[in-house]
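Structure below is coords25.txt: compact mmCIF, C-alpha atoms.
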# COMPACT_ATOMS: atom_id res chain seq x y z
CA MET A 1 51.02 282.09 167.09
CA ARG A 2 50.04 279.53 169.69
CA THR A 3 47.35 276.89 169.44
CA VAL A 4 44.41 277.67 171.73
CA LYS A 5 43.18 274.61 173.59
CA ILE A 6 39.43 273.94 173.84
CA PRO A 7 39.07 270.98 176.23
CA ASP A 8 35.40 271.49 177.11
CA THR A 9 32.16 273.08 175.87
CA PRO A 10 30.28 276.28 176.79
CA PRO A 11 27.43 276.31 179.35
CA ALA A 12 24.63 273.96 178.29
CA ASP A 13 21.92 276.62 178.62
CA TRP A 14 23.79 278.91 176.22
CA ILE A 15 24.26 276.09 173.70
CA ALA A 16 20.53 275.24 173.90
CA GLU A 17 19.58 278.83 173.07
CA ALA A 18 22.11 279.00 170.24
CA ASP A 19 20.88 275.72 168.75
CA GLU A 20 17.28 276.94 168.70
CA ILE A 21 18.27 280.10 166.83
CA THR A 22 20.35 278.08 164.35
CA LYS A 23 17.30 275.91 163.62
CA LYS A 24 15.34 279.05 162.79
CA LEU A 25 18.14 280.24 160.53
CA LEU A 26 18.22 276.97 158.62
CA ALA A 27 14.44 277.03 158.24
CA ALA A 28 14.33 280.63 156.99
CA GLN A 29 13.31 280.98 153.34
CA THR A 30 15.12 284.17 152.37
CA ALA A 31 18.35 286.02 153.04
CA GLU A 32 16.34 288.87 154.55
CA GLU A 33 14.72 286.50 157.06
CA ARG A 34 18.12 285.16 158.06
CA LYS A 35 19.54 288.66 158.41
CA GLN A 36 16.64 289.63 160.66
CA ILE A 37 17.10 286.56 162.88
CA ILE A 38 20.82 287.27 163.28
CA SER A 39 20.20 290.93 164.01
CA GLU A 40 17.56 290.19 166.65
CA ASN A 41 19.81 287.72 168.46
CA GLU A 42 23.29 289.19 168.09
CA GLY A 43 23.46 289.74 171.83
CA LEU A 44 23.87 285.99 172.27
CA TRP A 45 27.50 285.88 171.15
CA ARG A 46 28.22 288.83 173.45
CA ASP A 47 26.48 287.13 176.37
CA PRO A 48 28.80 286.90 179.44
CA ARG A 49 28.24 283.15 179.58
CA ILE A 50 29.99 282.56 176.26
CA HIS A 51 32.25 285.63 176.31
CA GLN A 52 33.88 284.79 179.64
CA TRP A 53 34.06 281.11 178.75
CA LEU A 54 36.00 282.00 175.60
CA LEU A 55 38.27 284.43 177.46
CA ASP A 56 39.11 281.74 180.00
CA LYS A 57 40.36 279.39 177.28
CA PHE A 58 43.45 281.57 176.68
CA HIS A 59 43.80 283.50 179.94
CA ASN A 60 42.19 286.68 178.58
CA LYS A 61 44.61 286.92 175.65
CA CYS A 62 43.69 287.72 172.05
CA TRP A 63 43.73 284.38 170.25
CA TYR A 64 45.45 285.87 167.20
CA SER A 65 48.12 288.10 168.76
CA GLU A 66 48.49 286.67 172.31
CA ALA A 67 48.28 290.22 173.66
CA PHE A 68 46.52 291.30 176.83
CA ASP A 69 44.49 294.45 176.32
CA SER A 70 42.97 296.26 179.28
CA VAL A 71 41.93 299.36 177.31
CA SER A 72 40.37 298.41 173.96
CA PRO A 73 37.44 295.97 174.02
CA ASP A 74 37.99 292.38 172.96
CA HIS A 75 35.59 290.98 170.41
CA VAL A 76 33.96 287.60 169.92
CA ASP A 77 35.12 287.20 166.35
CA HIS A 78 33.34 284.93 163.87
CA PHE A 79 36.33 283.13 162.35
CA ARG A 80 34.23 282.46 159.27
CA PRO A 81 32.39 285.78 158.76
CA LYS A 82 28.65 285.50 159.25
CA GLY A 83 27.38 288.33 157.02
CA ARG A 84 29.45 288.44 153.87
CA ILE A 85 32.89 287.34 152.77
CA LYS A 86 35.54 288.52 150.34
CA GLN A 87 38.44 286.66 148.78
CA ALA A 88 40.48 289.86 148.80
CA LEU A 89 40.16 293.62 149.32
CA GLY A 90 38.08 295.06 146.49
CA ALA A 91 36.68 291.67 145.50
CA GLU A 92 32.97 291.14 145.01
CA PRO A 93 31.33 290.11 148.30
CA GLU A 94 29.75 286.68 148.64
CA ASP A 95 27.24 285.31 151.13
CA GLY A 96 28.84 284.67 154.49
CA TYR A 97 28.62 281.68 156.80
CA TRP A 98 25.27 282.75 158.24
CA TRP A 99 24.48 279.28 159.59
CA LEU A 100 27.56 279.52 161.85
CA ALA A 101 26.49 282.83 163.43
CA PHE A 102 25.52 281.06 166.66
CA ASP A 103 27.95 278.15 166.51
CA TRP A 104 30.44 278.57 169.34
CA LYS A 105 33.01 276.49 167.43
CA ASN A 106 33.24 279.43 164.98
CA TYR A 107 34.08 281.95 167.71
CA ARG A 108 37.54 283.32 168.48
CA ILE A 109 38.54 286.05 170.94
CA SER A 110 40.14 288.91 169.04
CA GLY A 111 41.52 292.30 169.95
CA HIS A 112 39.42 295.15 168.56
CA LEU A 113 41.98 296.41 166.04
CA LEU A 114 42.76 292.97 164.63
CA ASN A 115 39.09 292.07 164.31
CA THR A 116 38.39 295.35 162.50
CA LYS A 117 41.31 294.73 160.14
CA LYS A 118 40.13 291.18 159.43
CA GLY A 119 36.61 292.34 158.56
CA ASP A 120 34.98 290.24 155.83
CA LEU A 121 38.19 288.79 154.42
CA PHE A 122 38.17 285.01 154.34
CA PRO A 123 39.88 283.55 151.26
CA ILE A 124 40.10 279.82 150.64
CA CYS A 125 43.15 278.11 149.19
CA ARG A 126 41.33 276.06 146.58
CA GLY A 127 38.17 274.03 146.04
CA ILE A 128 34.73 275.20 147.14
CA ARG A 129 33.26 276.72 150.26
CA CYS A 130 31.36 274.58 152.71
CA GLN A 131 27.58 274.39 152.56
CA PRO A 132 24.93 275.27 155.19
CA GLY A 133 24.39 272.51 157.71
CA ASP A 134 26.99 270.20 156.15
CA GLU A 135 29.65 269.42 158.76
CA GLY A 136 31.53 267.26 156.27
CA SER A 137 32.01 270.09 153.80
CA LEU A 138 33.16 272.35 156.65
CA GLU A 139 35.93 269.91 157.49
CA LEU A 140 37.02 269.73 153.85
CA GLU A 141 37.12 273.47 153.22
CA GLU A 142 40.72 274.67 152.84
CA ASN A 143 40.80 278.16 154.31
CA THR A 144 43.80 280.42 153.81
CA LEU A 145 43.56 282.22 157.16
CA ILE A 146 45.42 280.29 159.85
CA ASP A 147 43.09 279.27 162.65
CA PRO A 148 44.46 279.81 166.18
CA ILE A 149 42.69 276.68 167.43
CA SER A 150 44.44 274.48 164.85
CA ASP A 151 47.90 272.92 164.83
CA ASP A 152 48.67 275.24 161.89
CA ALA A 153 49.10 278.06 164.42
CA CYS A 154 52.73 276.94 164.72
CA LEU A 155 53.34 278.06 161.11
CA ILE A 156 53.61 281.65 162.39
CA SER A 157 56.80 282.44 164.29
CA PHE A 158 58.58 285.68 165.22
CA ASP A 159 61.87 287.46 164.71
CA ILE A 160 63.31 290.91 165.33
CA ASP A 161 64.31 293.63 162.90
CA GLU A 162 64.58 297.42 162.90
CA ASP A 163 60.80 297.71 163.41
CA GLY A 164 60.66 295.58 166.54
CA CYS A 165 59.48 291.99 166.79
CA ARG A 166 57.49 290.88 163.76
CA ALA A 167 55.45 287.84 162.84
CA VAL A 168 57.22 285.68 160.25
CA LYS A 169 56.94 282.21 158.75
CA THR A 170 58.29 279.27 160.71
CA ASN A 171 61.45 277.74 159.27
CA GLY A 172 60.72 274.79 157.02
CA CYS A 173 57.34 275.98 155.71
CA SER A 174 56.29 274.71 152.30
CA ALA A 175 55.50 277.22 149.56
CA GLU A 176 51.77 276.85 150.21
CA GLU A 177 52.23 277.23 153.98
CA GLU A 178 54.39 280.31 153.44
CA GLU A 179 51.64 281.89 151.35
CA ARG A 180 49.09 281.17 154.08
CA VAL A 181 51.36 282.76 156.69
CA GLU A 182 51.85 285.88 154.58
CA LYS A 183 48.11 286.21 153.94
CA THR A 184 47.26 285.69 157.61
CA ILE A 185 49.77 288.33 158.73
CA GLU A 186 48.34 290.70 156.11
CA ILE A 187 44.65 290.03 156.84
CA LEU A 188 45.05 290.40 160.61
CA GLY A 189 47.57 293.23 160.41
CA LEU A 190 49.94 291.43 162.77
CA ASN A 191 52.91 293.62 161.78
CA ILE A 192 51.41 297.01 160.98
CA ARG A 193 50.97 298.32 164.52
CA ASP A 194 54.18 299.64 166.03
CA LYS A 195 52.87 299.33 169.58
CA LEU A 196 52.30 295.60 169.11
CA ASN A 197 55.71 295.14 167.46
CA GLN A 198 57.40 296.94 170.35
CA LYS A 199 55.50 295.04 173.04
CA ARG A 200 56.54 291.76 171.44
CA LYS A 201 60.14 293.02 171.34
CA LEU A 202 60.08 293.56 175.10
CA THR A 203 59.24 289.87 175.52
CA TRP A 204 61.91 288.88 173.00
CA ASP A 205 64.54 291.00 174.73
CA LYS A 206 63.66 289.59 178.14
CA ALA A 207 63.96 286.03 176.86
CA ALA A 208 67.29 286.91 175.22
CA GLU A 209 68.46 288.32 178.54
CA TYR A 210 67.73 285.06 180.37
CA ILE A 211 69.46 283.09 177.60
CA ALA A 212 72.53 285.28 178.03
CA GLU A 213 72.45 284.74 181.81
CA PHE A 214 72.34 280.97 181.31
CA GLU A 215 75.25 281.05 178.87
CA SER A 216 77.24 283.32 181.16
CA ALA A 217 76.75 280.93 184.09
CA GLN A 218 77.66 278.00 181.85
CA LYS A 219 81.00 279.62 181.00
CA SER A 220 81.63 280.90 184.51
CA THR A 221 84.79 279.85 186.34
CA SER A 222 83.27 280.72 189.73
CA VAL A 223 81.88 278.24 192.24
CA ARG A 224 80.13 275.44 190.38
CA ALA A 225 77.17 275.40 192.78
CA LEU A 226 76.56 279.13 192.23
CA ALA A 227 76.68 278.71 188.46
CA ALA A 228 74.20 275.84 188.71
CA VAL A 229 71.79 278.04 190.67
CA GLN A 230 72.10 280.85 188.11
CA LYS A 231 71.37 278.44 185.25
CA LYS A 232 68.39 277.01 187.10
CA ILE A 233 66.94 280.50 187.68
CA ALA A 234 67.37 281.49 184.03
CA ARG A 235 65.75 278.24 182.90
CA LYS A 236 62.83 278.75 185.29
CA HIS A 237 62.18 282.26 183.98
CA LEU A 238 62.19 281.01 180.38
CA GLN A 239 59.80 278.19 181.22
CA GLU A 240 57.44 280.75 182.74
CA MET A 241 57.69 282.91 179.61
CA ILE A 242 56.56 280.06 177.36
CA GLY A 243 53.75 279.08 179.73
CA TYR A 244 50.26 278.88 178.23
CA ASN A 245 49.05 281.80 180.35
CA ALA A 246 51.98 284.13 179.55
CA GLU A 247 51.54 287.08 177.19
CA PHE A 248 53.40 286.53 173.90
CA SER A 249 54.50 283.03 174.93
CA SER A 250 55.02 282.16 171.25
CA VAL A 251 57.42 285.10 170.93
CA ALA A 252 59.49 283.81 173.85
CA HIS A 253 59.37 280.33 172.31
CA ALA A 254 60.71 281.68 169.00
CA CYS A 255 63.51 283.58 170.73
CA ILE A 256 64.62 280.47 172.63
CA GLU A 257 64.37 278.28 169.55
CA LYS A 258 66.48 280.67 167.46
CA ASN A 259 69.02 281.87 170.04
CA ALA A 260 69.44 279.43 172.92
CA PRO A 261 72.10 276.72 172.95
CA GLU A 262 70.81 273.18 172.43
CA THR A 263 71.30 272.29 176.09
CA LEU A 264 69.05 275.12 177.23
CA ARG A 265 66.43 274.43 174.56
CA LYS A 266 66.13 270.87 175.81
CA LEU A 267 65.90 271.96 179.43
CA VAL A 268 63.18 274.50 178.68
CA PHE A 269 61.09 272.68 176.04
CA GLU A 270 61.31 269.15 177.41
CA ALA A 271 60.62 269.94 181.05
In structure tokens, what does this structure look like?
Amino acid sequence: MRTVKIPDTPPADWIAEADEITKKLLAAQTAEERKQIISENEGLWRDPRIHQWLLDKFHNKCWYSEAFDSVSPDHVDHFRPKGRIKQALGAEPEDGYWWLAFDWKNYRISGHLLNTKKGDLFPICRGIRCQPGDEGSLELEENTLIDPISDDACLISFDIDEDGCRAVKTNGCSAEEEERVEKTIEILGLNIRDKLNQKRKLTWDKAAEYIAEFESAQKSTSVRALAAVQKKIARKHLQEMIGYNAEFSSVAHACIEKNAPETLRKLVFEA
């Protein structure tokens, strides 16, 4: 998984509208009132102003899978579910993060299938959930699900097996981090869809091909200048594959990290 960068804020007119609705939510006296307010204004998080702004942050990729999808609709996912939440499948539902329903900082772009799989699941590691309107408690809440806008995104890596290219834990994870990775993969269904596994494998195989070309040129006994050109081309392709706008850039990164010689890793990652 790759960390999604958010260097700016959405359009000011959209934020103003969202803030007004949030004020109404916080002032509402009952859960039914809040539900009604959210229902009447749900078009706001689907508004092109915020939807396109969010898509632009990661070059139209799903923030969880890094996949482009030109067929299924992408969703504006509420990272912390707005309606109700569950610690696990079959668990008793609890009140969701209704006060974040119109907070753009709680939005993530998600592919349809992953967002459906995620549903209401939002377990926390320990402690208590944050409280309405309390930014401090939000910062202190220790959620299990790995957030694609956080540095923890690097805890999820990739590797290949007989089923294609699968999401796995990054080497060196602590026991707690490993549990979070496993839960995130399970909640989002990152490994259960063969089409996704196979698409990631295509990226992995292409990166492996460029690594092999670099190594072949490095060992070549032909004209040194020609070998240098071949190595430069392979390196350039790999740098493009780990670019922020490339589909499955984190898959290419994992392949290079696990298979490329140290010289090539330095050339690609430190450029």
Each region 44-79 of chain A residue no farther than 9 Å from region 90-113 of chain A, nearest pair in Å, only C-alpha atoms, as a tab-separated table:
residue	atom	partner	partner_atom	distance
A:Leu44	CA	A:Phe102	CA	7.6
A:Trp45	CA	A:Phe102	CA	6.9
A:Ile50	CA	A:Trp104	CA	8.0
A:His51	CA	A:Ile109	CA	8.3
A:Leu54	CA	A:Ile109	CA	6.7
A:Leu55	CA	A:Ile109	CA	6.7
A:Phe58	CA	A:Ile109	CA	8.8
A:Asn60	CA	A:Ile109	CA	8.5
A:Lys61	CA	A:Ile109	CA	7.7
A:Cys62	CA	A:Ser110	CA	4.8
A:Trp63	CA	A:Ile109	CA	5.5
A:Tyr64	CA	A:Ser110	CA	6.4
A:Ser65	CA	A:Gly111	CA	7.9
A:Ala67	CA	A:Gly111	CA	8.0
A:Phe68	CA	A:Gly111	CA	8.6
A:Asp69	CA	A:Gly111	CA	7.3
A:Ser72	CA	A:His112	CA	6.4
A:Pro73	CA	A:His112	CA	5.9
A:Asp74	CA	A:Gly111	CA	4.6
A:His75	CA	A:Ser110	CA	5.2
A:Val76	CA	A:Ile109	CA	4.9
A:Asp77	CA	A:Arg108	CA	5.0
A:His78	CA	A:Tyr107	CA	4.9
A:Phe79	CA	A:Asn106	CA	5.5
Distance of CA of Leu155 (chain A) from CA of Glu177 (chain A), expressed in Å to one decimal place: 7.3 Å
Kindly assemble as a Markdown table a list of the region 172-217 of chain A residues that lie within 12 Å of region 137-149 of chain A, each paired with its nearest atom pair and their distance in Å to one decimal, using only C-alpha atoms, sorted first by chain and then by ascending residue number.
| residue | atom | partner | partner_atom | distance |
| --- | --- | --- | --- | --- |
| A:Glu176 | CA | A:Thr144 | CA | 9.4 |
| A:Glu177 | CA | A:Thr144 | CA | 9.0 |
| A:Glu178 | CA | A:Thr144 | CA | 10.6 |
| A:Glu179 | CA | A:Thr144 | CA | 8.3 |
| A:Arg180 | CA | A:Thr144 | CA | 5.3 |
| A:Val181 | CA | A:Ile146 | CA | 7.2 |
| A:Glu182 | CA | A:Leu145 | CA | 9.4 |
| A:Lys183 | CA | A:Leu145 | CA | 6.9 |
| A:Thr184 | CA | A:Leu145 | CA | 5.1 |
| A:Ile185 | CA | A:Leu145 | CA | 8.9 |
| A:Glu186 | CA | A:Leu145 | CA | 9.8 |
| A:Ile187 | CA | A:Leu145 | CA | 7.9 |
| A:Leu188 | CA | A:Leu145 | CA | 9.0 |
Distance in Å - CA of Arg126 (chain A) versus CA of Ser174 (chain A):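 Here the two named atoms are 16.1 Å from each other.
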For CA of Met1 (chain A) and CA of Ile156 (chain A), the interatomic separation in Å (one decimal): 5.4 Å
Counting all atoms listed in the file, give me one row per residue of region 123-192 of chain A with an atom at most 10 Å from an atom of region 243-263 of chain A, showing the shortest contact pair and its distance in Å to one decimal, sorted by chain then residue number, as JSON lines.
{"residue": "A:Ala153", "atom": "CA", "partner": "A:Ser250", "partner_atom": "CA", "distance": 9.9}
{"residue": "A:Cys154", "atom": "CA", "partner": "A:Ser250", "partner_atom": "CA", "distance": 8.7}
{"residue": "A:Ile156", "atom": "CA", "partner": "A:Ser250", "partner_atom": "CA", "distance": 9.0}
{"residue": "A:Ser157", "atom": "CA", "partner": "A:Ala254", "partner_atom": "CA", "distance": 6.2}
{"residue": "A:Phe158", "atom": "CA", "partner": "A:Val251", "partner_atom": "CA", "distance": 5.9}
{"residue": "A:Asp159", "atom": "CA", "partner": "A:Ala254", "partner_atom": "CA", "distance": 7.3}
{"residue": "A:Ile160", "atom": "CA", "partner": "A:Cys255", "partner_atom": "CA", "distance": 9.1}
{"residue": "A:Cys165", "atom": "CA", "partner": "A:Val251", "partner_atom": "CA", "distance": 8.3}
{"residue": "A:Arg166", "atom": "CA", "partner": "A:Val251", "partner_atom": "CA", "distance": 9.2}
{"residue": "A:Ala167", "atom": "CA", "partner": "A:Val251", "partner_atom": "CA", "distance": 8.8}
{"residue": "A:Thr170", "atom": "CA", "partner": "A:Ala254", "partner_atom": "CA", "distance": 9.0}
Minimum-distance residue to Pro132 (chain A), chosen among A:Cys173, A:Leu26, A:Ala31, A:Val223 (using only C-alpha atoms):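 Using only C-alpha atoms, Pro132 (chain A) sits closest to A:Leu26.
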Among the residues A:Arg235, A:His59, A:Arg2, A:Lys24, the one that comes closest to Lys266 (chain A) [using all atoms listed in the file]: A:Arg235
Nearest-residue call for Ala217 (chain A), choices A:Leu202, A:Leu238, A:Val229, A:Leu114, using only C-alpha atoms: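 Going through A:Leu202, A:Leu238, A:Val229, A:Leu114 one by one, the smallest distance to Ala217 (chain A) is for A:Val229.
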Since fewer atoms than expected are present, regenerate N, CA and C atoms for region 87-103 of chain A and write them as a short mmCIF file (atom, residue, chain, number, x, y, z; two decimals), in the coordinates of the input.
data_model
loop_
_atom_site.label_atom_id
_atom_site.label_comp_id
_atom_site.auth_asym_id
_atom_site.auth_seq_id
_atom_site.Cartn_x
_atom_site.Cartn_y
_atom_site.Cartn_z
N GLN A 87 37.18 287.37 149.00
CA GLN A 87 38.44 286.66 148.78
C GLN A 87 39.62 287.60 148.98
N ALA A 88 39.41 288.88 148.68
CA ALA A 88 40.48 289.86 148.80
C ALA A 88 39.86 291.25 148.87
N LEU A 89 40.64 292.24 149.30
CA LEU A 89 40.16 293.62 149.32
C LEU A 89 39.75 294.04 147.91
N GLY A 90 38.57 294.62 147.79
CA GLY A 90 38.08 295.06 146.49
C GLY A 90 37.35 293.99 145.72
N ALA A 91 37.37 292.75 146.19
CA ALA A 91 36.68 291.67 145.50
C ALA A 91 35.17 291.77 145.73
N GLU A 92 34.42 291.16 144.86
CA GLU A 92 32.97 291.14 145.01
C GLU A 92 32.60 290.33 146.25
N PRO A 93 31.72 290.87 147.11
CA PRO A 93 31.33 290.11 148.30
C PRO A 93 30.44 288.91 147.95
N GLU A 94 30.57 287.88 148.76
CA GLU A 94 29.75 286.68 148.64
C GLU A 94 28.97 286.50 149.94
N ASP A 95 27.97 285.61 149.91
CA ASP A 95 27.24 285.31 151.13
C ASP A 95 28.18 284.73 152.17
N GLY A 96 28.01 285.17 153.41
CA GLY A 96 28.84 284.67 154.49
C GLY A 96 28.34 283.36 155.06
N TYR A 97 28.96 282.94 156.14
CA TYR A 97 28.62 281.68 156.80
C TYR A 97 27.52 281.94 157.84
N TRP A 98 26.35 282.34 157.34
CA TRP A 98 25.27 282.75 158.24
C TRP A 98 24.83 281.64 159.19
N TRP A 99 24.93 280.40 158.76
CA TRP A 99 24.48 279.28 159.59
C TRP A 99 25.43 279.00 160.76
N LEU A 100 26.60 279.66 160.75
CA LEU A 100 27.56 279.52 161.85
C LEU A 100 27.52 280.72 162.80
N ALA A 101 26.55 281.60 162.62
CA ALA A 101 26.49 282.83 163.43
C ALA A 101 26.37 282.53 164.92
N PHE A 102 25.73 281.40 165.26
CA PHE A 102 25.52 281.06 166.66
C PHE A 102 26.17 279.73 167.02
N ASP A 103 27.18 279.37 166.25
CA ASP A 103 27.95 278.15 166.51
C ASP A 103 29.22 278.54 167.26
#
